[in-house]
Every structure is written in structure tokens, then in C-alpha cells.
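J.: Would you mind keeping the following structure in view while I ask a few things?
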Amino acid sequence: QVQLVESGGGSVQAGGSLRLSCAVSRDIYSSTTLGWYRQAPGKQREMVASGTGGYTKYATSVRGRFSISRNNAEDTVYLQMNDLKPEDTAVYYCYAKWSERLDAWGQGTQVIVSS
């Protein structure tokens with residue numbers, strides 16, 4: 001069974017930065033879709049950033065502040081979050097998809113941004 005383990009969450013003041021990491025227990029490739037999603041209390045889970053090969057996309061609300069990156073050799077995906085805002089407070093989930101029949105989610109890591 002594939003496991004994704006997130007780390008790096010925590011509490012930070014507005015304007016601060018955090019870097020999330022996600023260790024994937026299965027080999028990842030340039031063709032593997034890797035993404036970060038988040039879910040705030042009372043809201044639906046939403047895509048924050050996602051990438052496949054050289055293509056990446058971001059939610060409008062985080063574009064220019066967040067950056068997704070990956071290390072295929074170490075089977076790890078990162079989310080650098082700068083200029084954090086209170087509305088970024090949520091549980092952040094890592095996602096990986098290898099094919100239509102194989103994908104996986106992490107357990108989530110909490111990010112709290114105080115004003």
C-alpha cells in the first residue's frame with residue numbers, strides 16, 4: 001500500500017513562511033502527478049498546487065506566494081508557502097497519482113496562520 005507522509009506544518013504569524021514536505025513510499029516519476037490540497041473547517045477540500053512533468057498549476061488565491069517542487073530521486077514533493085495569510089489556515093494534504101488505477105493521499109498536516 002502506498003503511503004504519503006506530510007511534515008512541516010505548524011503555527012505561524014501572517015506574513016511568515018512554511019515549507020511542507022511529503023515523503024512518498026513508492027517511486028515517483030516525471031509522469032506522476034503530485035499535488036497539494038487543503039481543507040479549512042466547514043469548507044470543501046480544494047487544490048492548492050499540482051504538477052505533472054514540467055507543468056504546474058496553482059489556485060488563484062496562492063499564485064505568486066506558494067511554490068510546488070519535487071525531487072523524483074528522493075520521492076519527495078514540497079510546498080513552499082510564503083507571505084502566509086490567515087485564510088491559508090487549513091489541513092494540507094499531499095496527493096500522488098500514477099495512473100487512473102493508482103493514486104494516494106496523505107494523512108494531512110495542520111497549518112495555522114494567526115493575524
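Convention: chains lettered A, B, ... in C-alpha cells order; per-chain residue numbering from 1; ligands numbered from 1 as shown.
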Report as a tab-separated table (two decimals) with C-alpha atoms, in the first residue's frame all protein, DNA and RNA residues lying within 9 Å of Gly51 (chain A), evaluated on only C-alpha atoms, omitting residues in the same chain fewer than 5 positions from it.

T.:
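Result saved to result00.tsv:
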chain	number	residue	atom	x	y	z
A	32	THR	CA	3.50	11.16	-11.71
A	33	THR	CA	1.02	13.86	-10.80
A	34	LEU	CA	1.90	15.34	-7.42
A	35	GLY	CA	-0.22	17.88	-5.67
A	56	THR	CA	2.35	23.13	-12.74
A	57	LYS	CA	-0.85	24.90	-11.78
A	58	TYR	CA	-1.89	26.87	-8.73
A	68	ILE	CA	5.42	23.31	-5.54
A	69	SER	CA	8.59	21.37	-6.26
A	70	ARG	CA	9.66	17.75	-6.33

J.: For region 11-28 of chain A, find every residue with an atom within 7 Å (counting only C-alpha atoms), except residues of its own chain fewer than 5 positions away, and show them as a tab-separated table (two decimals) with C-alpha atoms, in the first residue's frame.

T.:
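Written out: around.tsv:
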chain	number	residue	atom	x	y	z
A	2	VAL	CA	1.31	3.40	-0.94
A	3	GLN	CA	1.93	5.83	1.90
A	4	LEU	CA	2.34	9.59	1.76
A	5	VAL	CA	3.64	11.28	4.90
A	6	GLU	CA	3.44	15.03	5.22
A	72	ASN	CA	12.00	12.39	-8.02
A	75	ASP	CA	10.39	10.51	-3.90
A	76	THR	CA	9.50	13.75	-2.19
A	77	VAL	CA	7.28	16.70	-3.03
A	78	TYR	CA	7.43	20.09	-1.36
A	79	LEU	CA	5.23	23.12	-0.95
A	80	GLN	CA	6.97	26.38	-0.14
A	81	MET	CA	4.48	28.81	1.33
A	82	ASN	CA	5.44	32.48	1.65
A	83	ASP	CA	3.53	35.55	2.78
A	84	LEU	CA	1.04	33.37	4.59
A	85	LYS	CA	-2.39	34.80	5.37
A	86	PRO	CA	-4.97	33.78	7.99
A	94	CYS	CA	-0.37	15.62	-0.24
A	111	VAL	CA	-1.22	24.90	9.11
A	112	ILE	CA	-2.41	27.75	11.32
A	113	VAL	CA	-1.79	31.35	10.39
A	114	SER	CA	-2.55	33.99	13.00
A	115	SER	CA	-3.12	37.66	12.30

J.: When DSSP works through the backbone of this structure, what residues of chain A end up as helix (DSSP H, G or I), shown as a PyMOL selection string?

T.: chain A and resi 72-74+86-88

J.: DSSP on the backbone: which residues in chain A end up as strand (DSSP E)? Give the answer as a ChimeraX atom specification.

T.: /A:4-7,10-13,18-24,33-39,46-52,55-58,66-71,76-81,90-99,102-105,109-114

J.: Rank A:Ser31, A:Ser61, A:Thr109, A:Gln1 by their smallest atom-to-atom distance to Tyr93 (chain A), using only C-alpha atoms, and report the top residue only.

T.: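 Among the listed residues, the smallest separation from Tyr93 (chain A) belongs to A:Thr109.
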
J.: How far is it from CA of Asp88 (chain A) to CA of Ser30 (chain A), in Å with one decimal?

T.: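 Value for the CA of Asp88 (chain A)-CA of Ser30 (chain A) distance: 28.1 Å.
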
J.: For CA of Tyr55 (chain A) and CA of Gln110 (chain A), quote the distance in Å rounded to one decimal.

T.: 26.7 Å

J.: Can you work out the spacing between CA of Ser67 (chain A) and CA of Gly108 (chain A) in Å, to one decimal?

T.: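 We find that CA of Ser67 (chain A) and CA of Gly108 (chain A) lie 18.0 Å from each other.
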
J.: Using only C-alpha atoms for the distances, tell me which of A:Gly9, A:Gln39, A:Gln107, A:Tyr29 is nearest to Val91 (chain A).

T.: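 Smallest distance to Val91 (chain A) is found for A:Gln39.
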
J.: List the neighbours of Thr60 (chain A) out to 12 Å using only C-alpha atoms; skip same-chain residues closer than 6 positions along the sequence, and give me the result as a ChimeraX atom specification.

T.: /A:46-49,66

J.: Save out the residues we just selected, C-alpha atoms, as a PDB file, in the first residue's frame.

T.:
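The file below, again06.pdb, is the result:
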ATOM      1  CA  GLU A  46      -9.503  22.428  -2.688  1.00  0.00           C
ATOM      2  CA  MET A  47      -6.476  22.118  -4.920  1.00  0.00           C
ATOM      3  CA  VAL A  48      -3.613  24.384  -3.913  1.00  0.00           C
ATOM      4  CA  ALA A  49      -0.886  23.318  -6.338  1.00  0.00           C
ATOM      5  CA  PHE A  66       3.269  29.256  -2.960  1.00  0.00           C
TER       6      PHE A  66
END
